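Comments concern the structure below.
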Amino acid sequence: MKLESALGDQSFFSGHLTGFMLYDLDSQQVLFEKNSQIRIIPASTTKLWTLFASILILQDSTQTLRYVTSGDTIKIWGSGDPSWKYKKFTQPDFQKLLSPYSVVQFSDANQVSPGFGYGWQWDDYYYDYSAERSSLPIFGNLVEVRKVGNQPTVFPLLFQSAIRMTNRPIKELERDFHSNTFAYNPATFLGREKYIPFLTQPDLLVQLAAEETGKKMDLLSGKPSR
(Lines give C-alpha, C1' and ligand atoms only; values in the text may rest on other atoms or scores of the structure.)
Protein backbone atom coordinates (compact mmCIF):
# COMPACT_ATOMS: atom_id res chain seq x y z
CA MET A 1 0.00 0.00 0.00
CA LYS A 2 1.41 3.37 -1.00
CA LEU A 3 0.41 5.06 2.25
CA GLU A 4 2.20 2.36 4.25
CA SER A 5 5.41 2.89 2.29
CA ALA A 6 5.03 6.67 2.55
CA LEU A 7 4.13 6.86 6.24
CA GLY A 8 4.85 3.44 7.76
CA ASP A 9 7.65 2.10 9.92
CA GLN A 10 10.17 2.02 7.07
CA SER A 11 9.42 5.54 5.86
CA PHE A 12 11.09 8.86 6.57
CA PHE A 13 8.33 9.68 9.06
CA SER A 14 9.11 6.67 11.27
CA GLY A 15 11.78 8.73 12.98
CA HIS A 16 9.47 11.68 13.57
CA LEU A 17 6.33 12.23 15.61
CA THR A 18 3.72 11.97 12.88
CA GLY A 19 -0.02 11.49 13.08
CA PHE A 20 -2.26 10.65 10.13
CA MET A 21 -5.75 9.30 9.50
CA LEU A 22 -7.61 8.65 6.24
CA TYR A 23 -11.33 8.21 6.84
CA ASP A 24 -13.90 7.20 4.23
CA LEU A 25 -17.07 9.21 4.79
CA ASP A 26 -19.20 6.87 2.63
CA SER A 27 -18.26 3.62 4.36
CA GLN A 28 -17.50 5.36 7.67
CA GLN A 29 -14.34 3.32 8.00
CA VAL A 30 -10.74 4.22 8.70
CA LEU A 31 -8.76 3.27 5.60
CA PHE A 32 -5.35 4.04 7.06
CA GLU A 33 -3.96 5.51 10.25
CA LYS A 34 -0.65 6.08 11.92
CA ASN A 35 -0.43 7.34 15.50
CA SER A 36 -3.94 8.75 15.21
CA GLN A 37 -4.55 8.04 18.91
CA ILE A 38 -1.66 10.27 20.02
CA ARG A 39 -2.46 13.84 21.05
CA ILE A 40 -0.12 15.98 18.99
CA ILE A 41 0.01 19.78 18.89
CA PRO A 42 -1.52 20.60 15.48
CA ALA A 43 0.68 22.24 12.87
CA SER A 44 -0.02 24.36 9.82
CA THR A 45 -2.51 21.90 8.35
CA THR A 46 -5.03 23.27 10.86
CA LYS A 47 -5.15 26.38 8.68
CA LEU A 48 -7.26 24.35 6.25
CA TRP A 49 -9.81 23.61 8.96
CA THR A 50 -9.70 27.22 10.12
CA LEU A 51 -10.49 28.36 6.58
CA PHE A 52 -13.24 25.76 6.24
CA ALA A 53 -14.84 26.78 9.55
CA SER A 54 -14.56 30.47 8.65
CA ILE A 55 -16.30 29.95 5.32
CA LEU A 56 -19.12 28.03 7.01
CA ILE A 57 -19.61 30.66 9.72
CA LEU A 58 -18.97 33.89 7.82
CA GLN A 59 -20.26 32.75 4.43
CA ASP A 60 -19.99 35.70 2.00
CA SER A 61 -19.75 38.58 4.48
CA THR A 62 -18.63 39.58 7.94
CA GLN A 63 -19.20 42.37 10.41
CA THR A 64 -16.60 45.12 10.15
CA LEU A 65 -17.85 47.63 12.69
CA ARG A 66 -20.22 47.93 15.58
CA TYR A 67 -21.50 51.40 16.28
CA VAL A 68 -24.06 53.50 18.11
CA THR A 69 -25.26 56.99 17.18
CA SER A 70 -26.63 59.92 19.10
CA GLY A 71 -27.41 63.14 17.26
CA ASP A 72 -24.29 64.24 15.38
CA THR A 73 -22.07 61.69 17.16
CA ILE A 74 -21.17 58.15 16.11
CA LYS A 75 -19.22 55.84 18.40
CA ILE A 76 -17.52 52.87 16.77
CA TRP A 77 -15.45 49.84 17.62
CA GLY A 78 -14.05 47.18 15.35
CA SER A 79 -14.65 43.46 14.98
CA GLY A 80 -11.19 42.45 13.76
CA ASP A 81 -12.16 42.45 10.06
CA PRO A 82 -8.81 42.93 8.22
CA SER A 83 -10.17 44.07 4.85
CA TRP A 84 -10.03 47.87 5.22
CA LYS A 85 -7.42 49.26 2.79
CA TYR A 86 -5.87 45.80 2.52
CA LYS A 87 -4.81 44.83 -0.99
CA LYS A 88 -7.77 43.88 -3.22
CA PHE A 89 -10.36 43.04 -0.60
CA THR A 90 -13.86 44.44 -1.07
CA GLN A 91 -13.79 47.73 0.79
CA PRO A 92 -16.19 48.85 3.52
CA ASP A 93 -17.57 52.32 2.74
CA PHE A 94 -16.45 54.18 5.84
CA GLN A 95 -16.85 57.58 4.17
CA LYS A 96 -20.54 56.94 3.57
CA LEU A 97 -21.09 55.67 7.09
CA LEU A 98 -19.28 58.53 8.82
CA SER A 99 -20.20 61.46 6.56
CA PRO A 100 -23.47 62.43 8.37
CA TYR A 101 -21.66 62.83 11.72
CA SER A 102 -19.50 65.69 12.93
CA VAL A 103 -18.13 63.76 15.92
CA VAL A 104 -16.54 60.33 15.40
CA GLN A 105 -15.34 58.37 18.42
CA PHE A 106 -13.43 55.08 18.44
CA SER A 107 -12.67 52.55 21.16
CA ASP A 108 -10.65 49.33 21.04
CA ALA A 109 -11.66 48.31 24.57
CA ASN A 110 -13.61 45.34 23.20
CA GLN A 111 -10.42 43.64 22.06
CA VAL A 112 -9.38 40.98 24.55
CA SER A 113 -6.79 39.05 22.52
CA PRO A 114 -3.16 40.24 22.33
CA GLY A 115 -1.55 41.39 19.10
CA PHE A 116 0.34 38.09 18.77
CA GLY A 117 -1.41 34.74 19.06
CA TYR A 118 -0.31 31.88 21.29
CA GLY A 119 2.73 30.12 19.86
CA TRP A 120 3.63 32.83 17.32
CA GLN A 121 7.37 33.10 16.79
CA TRP A 122 8.62 36.40 18.21
CA ASP A 123 11.34 36.72 15.55
CA ASP A 124 8.76 36.59 12.74
CA TYR A 125 7.50 40.02 13.77
CA TYR A 126 8.78 41.78 10.63
CA TYR A 127 7.31 39.31 8.12
CA ASP A 128 3.96 40.01 6.47
CA TYR A 129 2.41 36.75 7.67
CA SER A 130 2.81 37.94 11.28
CA ALA A 131 0.85 41.17 11.16
CA GLU A 132 -0.60 41.97 14.55
CA ARG A 133 -4.23 41.37 15.41
CA SER A 134 -6.25 44.45 16.34
CA SER A 135 -9.82 45.58 16.81
CA LEU A 136 -9.92 47.60 13.60
CA PRO A 137 -7.05 46.74 11.24
CA ILE A 138 -6.11 49.20 8.52
CA PHE A 139 -3.83 48.41 5.56
CA GLY A 140 -3.77 44.88 6.98
CA ASN A 141 -1.63 46.39 9.77
CA LEU A 142 1.17 46.35 7.20
CA VAL A 143 3.51 48.93 5.72
CA GLU A 144 3.89 48.55 1.97
CA VAL A 145 7.49 48.88 0.77
CA ARG A 146 8.54 49.99 -2.71
CA LYS A 147 12.11 50.27 -3.91
CA VAL A 148 12.92 53.60 -5.58
CA GLY A 149 16.54 53.66 -6.68
CA ASN A 150 18.50 52.27 -3.76
CA GLN A 151 16.09 53.40 -1.08
CA PRO A 152 12.62 52.43 0.18
CA THR A 153 9.40 54.39 -0.16
CA VAL A 154 6.65 53.23 2.18
CA PHE A 155 2.89 53.54 2.33
CA PRO A 156 1.13 54.86 4.32
CA LEU A 157 3.42 57.85 3.92
CA LEU A 158 3.05 58.54 7.63
CA PHE A 159 5.84 56.01 8.23
CA GLN A 160 8.29 57.53 5.73
CA SER A 161 9.75 59.92 8.29
CA ALA A 162 10.49 56.97 10.59
CA ILE A 163 13.05 55.44 8.19
CA ARG A 164 16.73 55.68 9.03
CA MET A 165 19.89 54.58 7.22
CA THR A 166 22.22 52.08 8.86
CA ASN A 167 25.60 50.51 8.19
CA ARG A 168 24.41 47.12 9.39
CA PRO A 169 24.63 44.51 6.60
CA ILE A 170 20.87 44.11 6.18
CA LYS A 171 19.27 43.53 2.79
CA GLU A 172 15.72 44.64 3.51
CA LEU A 173 13.90 47.39 5.30
CA GLU A 174 13.68 46.25 8.90
CA ARG A 175 11.46 47.50 11.71
CA ASP A 176 12.65 47.93 15.26
CA PHE A 177 11.12 45.28 17.51
CA HIS A 178 9.77 47.78 20.04
CA SER A 179 8.74 50.71 17.85
CA ASN A 180 7.58 51.81 14.42
CA THR A 181 11.02 52.94 13.35
CA PHE A 182 12.69 51.38 10.32
CA ALA A 183 16.23 50.97 9.02
CA TYR A 184 17.86 50.06 5.71
CA ASN A 185 21.35 49.95 4.25
CA PRO A 186 21.55 51.80 0.88
CA ALA A 187 24.51 49.65 -0.20
CA THR A 188 22.72 46.34 0.30
CA PHE A 189 19.00 47.16 0.08
CA LEU A 190 17.15 44.70 -2.18
CA GLY A 191 13.50 45.60 -1.56
CA ARG A 192 12.18 42.05 -1.88
CA GLU A 193 10.02 42.21 1.24
CA LYS A 194 6.95 44.10 0.01
CA TYR A 195 5.05 44.29 3.31
CA ILE A 196 6.23 44.76 6.90
CA PRO A 197 3.94 44.69 9.97
CA PHE A 198 3.71 47.84 12.04
CA LEU A 199 3.05 48.01 15.76
CA THR A 200 -0.66 48.61 16.23
CA GLN A 201 -1.69 51.34 18.66
CA PRO A 202 -5.11 52.95 19.15
CA ASP A 203 -3.77 56.47 18.69
CA LEU A 204 -2.01 55.41 15.48
CA LEU A 205 -5.22 53.83 14.17
CA VAL A 206 -7.30 56.98 14.69
CA GLN A 207 -4.58 59.01 12.94
CA LEU A 208 -4.47 56.70 9.91
CA ALA A 209 -8.26 56.38 9.84
CA ALA A 210 -8.72 60.14 9.94
CA GLU A 211 -6.37 60.55 6.97
CA GLU A 212 -8.29 57.96 4.97
CA THR A 213 -11.82 59.09 5.81
CA GLY A 214 -11.29 62.83 6.14
CA LYS A 215 -12.97 62.62 9.54
CA LYS A 216 -11.20 63.51 12.78
CA MET A 217 -11.53 60.67 15.27
CA ASP A 218 -11.49 60.89 19.03
CA LEU A 219 -10.10 57.98 20.99
CA LEU A 220 -12.29 56.65 23.80
CA SER A 221 -10.91 54.84 26.82
CA GLY A 222 -13.92 52.57 27.31
CA LYS A 223 -16.43 50.64 25.25
CA PRO A 224 -18.82 52.82 23.26
CA SER A 225 -22.27 52.86 24.81
CA ARG A 226 -25.48 54.72 24.30
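By convention here, the chains of the C-alpha coordinates are called A, B, ... in the order presented, each chain's residues are numbered starting at 1, and ligands are numbered starting at 1 in the order presented.
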Could you find all residues in range 15-209 of chain A that DSSP calls strand (DSSP E) from the backbone, and write them as a PyMOL selection string? chain A and resi 20-24+29-34+65-70+73-78+103-106+142-148+151-155+163-165+174-175+182-184+195-197
Can you pull out every residue within 9 Å of Gln63 in chain A, counting only C-alpha atoms, but drop anything in the same chain fewer than 4 positions away, and send it as a PyMOL selection string? chain A and resi 58+78-81
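The gap separating CA of Gly117 in chain A from CA of Gln37 in chain A is 26.9 Å, in Å to one decimal.
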Excluding range 123-140 of chain A and its own-chain neighbours fewer than 5 positions away, which residues fall within 7 Å of it when counting only C-alpha atoms? Please give them as a list in words.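 Once the adjacent positions are removed, what remains is Gly78, Ser79, Gly80, Asp81, Pro82, Ser83, Trp84, Lys85, Tyr86, Asp108, Gln111, Gly115, Phe116, Glu174, Arg175, Tyr195, Ile196, Pro197 and Thr200 of chain A.
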Produce a file of the selected residues containing all heavy atoms, as a short mmCIF file (atom, residue, chain, number, x, y, z; two decimals), in the first residue's frame.
```cif
data_model
loop_
_atom_site.label_atom_id
_atom_site.label_comp_id
_atom_site.auth_asym_id
_atom_site.auth_seq_id
_atom_site.Cartn_x
_atom_site.Cartn_y
_atom_site.Cartn_z
N GLY A 78 -14.25 48.14 16.42
CA GLY A 78 -14.05 47.18 15.35
C GLY A 78 -14.38 45.75 15.75
O GLY A 78 -14.59 45.45 16.93
N SER A 79 -14.38 44.87 14.74
CA SER A 79 -14.65 43.46 14.98
C SER A 79 -13.49 42.58 14.54
O SER A 79 -13.60 41.36 14.50
CB SER A 79 -15.91 43.04 14.22
OG SER A 79 -15.70 43.15 12.83
N GLY A 80 -12.36 43.22 14.19
CA GLY A 80 -11.19 42.45 13.76
C GLY A 80 -11.15 42.18 12.26
O GLY A 80 -10.21 41.54 11.78
N ASP A 81 -12.15 42.65 11.51
CA ASP A 81 -12.16 42.45 10.06
C ASP A 81 -10.93 43.12 9.44
O ASP A 81 -10.74 44.33 9.59
CB ASP A 81 -13.44 43.06 9.49
CG ASP A 81 -13.51 42.98 7.97
OD1 ASP A 81 -12.68 42.28 7.37
OD2 ASP A 81 -14.40 43.63 7.39
N PRO A 82 -10.07 42.37 8.73
CA PRO A 82 -8.81 42.93 8.22
C PRO A 82 -8.89 43.56 6.84
O PRO A 82 -7.87 43.92 6.27
CB PRO A 82 -7.91 41.69 8.17
CG PRO A 82 -8.85 40.59 7.80
CD PRO A 82 -10.16 40.91 8.49
N SER A 83 -10.08 43.72 6.27
CA SER A 83 -10.17 44.07 4.85
C SER A 83 -9.93 45.55 4.53
O SER A 83 -9.61 45.88 3.39
CB SER A 83 -11.55 43.66 4.30
OG SER A 83 -12.58 44.32 4.99
N TRP A 84 -10.08 46.44 5.51
CA TRP A 84 -10.03 47.87 5.22
C TRP A 84 -8.65 48.29 4.69
O TRP A 84 -7.65 48.14 5.35
CB TRP A 84 -10.40 48.67 6.46
CG TRP A 84 -10.60 50.14 6.19
CD1 TRP A 84 -10.91 50.73 5.00
CD2 TRP A 84 -10.51 51.19 7.15
NE1 TRP A 84 -11.03 52.08 5.15
CE2 TRP A 84 -10.78 52.40 6.46
CE3 TRP A 84 -10.23 51.24 8.51
CZ2 TRP A 84 -10.78 53.64 7.10
CZ3 TRP A 84 -10.23 52.47 9.15
CH2 TRP A 84 -10.49 53.65 8.45
N LYS A 85 -8.64 48.78 3.46
CA LYS A 85 -7.42 49.26 2.79
C LYS A 85 -6.38 48.15 2.62
O LYS A 85 -5.18 48.44 2.46
CB LYS A 85 -6.80 50.45 3.52
CG LYS A 85 -7.74 51.61 3.78
CD LYS A 85 -8.29 52.18 2.49
CE LYS A 85 -7.23 52.84 1.63
NZ LYS A 85 -7.78 53.50 0.43
N TYR A 86 -6.82 46.91 2.64
CA TYR A 86 -5.87 45.80 2.52
C TYR A 86 -5.96 45.17 1.14
O TYR A 86 -6.94 44.50 0.81
CB TYR A 86 -6.16 44.76 3.60
CG TYR A 86 -5.20 43.59 3.58
CD1 TYR A 86 -3.81 43.78 3.58
CD2 TYR A 86 -5.67 42.28 3.56
CE1 TYR A 86 -2.94 42.71 3.56
CE2 TYR A 86 -4.80 41.20 3.55
CZ TYR A 86 -3.44 41.42 3.55
OH TYR A 86 -2.58 40.36 3.53
N ASP A 108 -11.10 50.71 21.28
CA ASP A 108 -10.65 49.33 21.04
C ASP A 108 -10.77 48.50 22.31
O ASP A 108 -10.17 47.43 22.41
CB ASP A 108 -9.22 49.31 20.50
CG ASP A 108 -8.18 49.61 21.58
OD1 ASP A 108 -8.57 50.26 22.59
OD2 ASP A 108 -7.02 49.22 21.43
N GLN A 111 -11.40 44.64 22.45
CA GLN A 111 -10.42 43.64 22.06
C GLN A 111 -9.81 43.00 23.29
O GLN A 111 -9.23 43.69 24.14
CB GLN A 111 -9.31 44.24 21.21
CG GLN A 111 -8.29 43.19 20.77
CD GLN A 111 -7.20 43.75 19.87
OE1 GLN A 111 -7.34 44.83 19.34
NE2 GLN A 111 -6.12 43.00 19.71
N GLY A 115 -1.92 41.22 20.50
CA GLY A 115 -1.55 41.39 19.10
C GLY A 115 -1.00 40.13 18.47
O GLY A 115 -1.29 39.82 17.32
N PHE A 116 -0.21 39.37 19.23
CA PHE A 116 0.34 38.09 18.77
C PHE A 116 -0.46 36.95 19.36
O PHE A 116 -0.84 36.99 20.54
CB PHE A 116 1.80 37.94 19.17
CG PHE A 116 2.76 38.73 18.32
CD1 PHE A 116 4.03 39.03 18.79
CD2 PHE A 116 2.40 39.20 17.08
CE1 PHE A 116 4.91 39.76 18.02
CE2 PHE A 116 3.27 39.93 16.29
CZ PHE A 116 4.53 40.21 16.76
N GLU A 174 14.00 46.97 7.68
CA GLU A 174 13.68 46.25 8.90
C GLU A 174 13.09 47.20 9.94
O GLU A 174 13.54 48.33 10.07
CB GLU A 174 14.91 45.56 9.48
CG GLU A 174 15.42 44.42 8.61
CD GLU A 174 16.53 43.62 9.30
OE1 GLU A 174 16.85 43.94 10.47
OE2 GLU A 174 17.07 42.70 8.66
N ARG A 175 12.09 46.70 10.66
CA ARG A 175 11.46 47.50 11.71
C ARG A 175 12.07 47.16 13.05
O ARG A 175 12.42 46.00 13.33
CB ARG A 175 9.96 47.21 11.76
CG ARG A 175 9.14 48.30 12.48
CD ARG A 175 7.83 47.76 12.97
NE ARG A 175 7.99 47.06 14.24
CZ ARG A 175 7.28 46.01 14.62
NH1 ARG A 175 6.36 45.51 13.82
NH2 ARG A 175 7.49 45.44 15.79
N TYR A 195 5.91 43.87 2.21
CA TYR A 195 5.05 44.29 3.31
C TYR A 195 5.72 43.96 4.64
O TYR A 195 6.30 42.89 4.81
CB TYR A 195 3.69 43.60 3.24
CG TYR A 195 2.88 43.99 2.03
CD1 TYR A 195 2.93 43.23 0.87
CD2 TYR A 195 2.08 45.13 2.04
CE1 TYR A 195 2.19 43.59 -0.25
CE2 TYR A 195 1.34 45.50 0.93
CZ TYR A 195 1.40 44.73 -0.22
OH TYR A 195 0.69 45.10 -1.33
N ILE A 196 5.65 44.92 5.58
CA ILE A 196 6.23 44.76 6.90
C ILE A 196 5.17 45.15 7.93
O ILE A 196 4.56 46.21 7.82
CB ILE A 196 7.48 45.65 7.08
CG1 ILE A 196 8.54 45.32 6.04
CG2 ILE A 196 8.04 45.49 8.49
CD1 ILE A 196 9.73 46.27 6.10
N PRO A 197 4.93 44.33 8.95
CA PRO A 197 3.94 44.69 9.97
C PRO A 197 4.37 45.93 10.75
O PRO A 197 5.56 46.13 11.01
CB PRO A 197 3.90 43.46 10.87
CG PRO A 197 4.43 42.34 10.04
CD PRO A 197 5.45 42.97 9.14
N THR A 200 0.67 48.01 16.17
CA THR A 200 -0.66 48.61 16.23
C THR A 200 -0.85 49.32 17.56
O THR A 200 -0.50 48.80 18.62
CB THR A 200 -1.74 47.53 16.07
OG1 THR A 200 -1.61 46.56 17.10
CG2 THR A 200 -1.61 46.85 14.72
#
```
Identify, on the basis of only C-alpha atoms, every residue whose closest approach to range 161-167 of chain A does not exceed 6 Å; exclude the query and any residue fewer than 5 positions from it along the same chain; express the result as a list in words.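 Using only C-alpha atoms, the neighbours found are Thr181, Phe182, Ala183, Tyr184 and Asn185 of chain A.
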So which one's closest to Gly149 in chain A, A:Lys88, A:Pro169, A:Gly191, A:Lys2? Using only C-alpha atoms, please.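 Of A:Lys88, A:Pro169, A:Gly191, A:Lys2, the one nearest Gly149 in chain A, counting only C-alpha atoms, is A:Gly191.
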Could you jot down the CA of Phe106 in chain A to CA of Ile74 in chain A separation for me, Å, one decimal place?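 Rounded to one decimal, the two atoms are 8.6 Å apart.
Across the structure, CA of Ser107 in chain A and CA of Val145 in chain A are spaced 28.9 Å apart.
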Would you mind telling me which residue in A:Trp120, A:Phe189, A:Phe159, A:Phe32 lies nearest to Glu144 in chain A when using only C-alpha atoms?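 Closest residue, counting only C-alpha atoms: A:Phe159.
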So which residues touch Ile40 in chain A within 10 Å, counting only C-alpha atoms, skipping near sequence neighbours fewer than 4 positions away, as a PDB file with N, CA and C atoms, in the first residue's frame?
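Once everything was written out, this is out-v3.pdb:
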```
ATOM      1  N   LEU A  17       7.668  12.338  15.027  1.00  0.00           N
ATOM      2  CA  LEU A  17       6.334  12.229  15.608  1.00  0.00           C
ATOM      3  C   LEU A  17       5.319  12.676  14.563  1.00  0.00           C
ATOM      4  N   THR A  18       4.648  11.715  13.976  1.00  0.00           N
ATOM      5  CA  THR A  18       3.719  11.975  12.879  1.00  0.00           C
ATOM      6  C   THR A  18       2.391  11.308  13.151  1.00  0.00           C
ATOM      7  N   GLY A  19       1.313  12.043  12.944  1.00  0.00           N
ATOM      8  CA  GLY A  19      -0.020  11.487  13.085  1.00  0.00           C
ATOM      9  C   GLY A  19      -0.799  11.655  11.793  1.00  0.00           C
ATOM     10  N   ASN A  35      -0.496   6.537  14.282  1.00  0.00           N
ATOM     11  CA  ASN A  35      -0.432   7.344  15.505  1.00  0.00           C
ATOM     12  C   ASN A  35      -1.632   8.276  15.663  1.00  0.00           C
ATOM     13  N   SER A  36      -2.779   7.869  15.130  1.00  0.00           N
ATOM     14  CA  SER A  36      -3.945   8.752  15.213  1.00  0.00           C
ATOM     15  C   SER A  36      -4.464   8.894  16.637  1.00  0.00           C
TER      16      SER A  36
END
```
Between A:Gln160, A:Gln201, A:Gln121, A:Ser11, single out the one closest to Ser179 in chain A, counting only C-alpha atoms.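 Ranking A:Gln160, A:Gln201, A:Gln121, A:Ser11 by distance to Ser179 in chain A, first place goes to A:Gln201.
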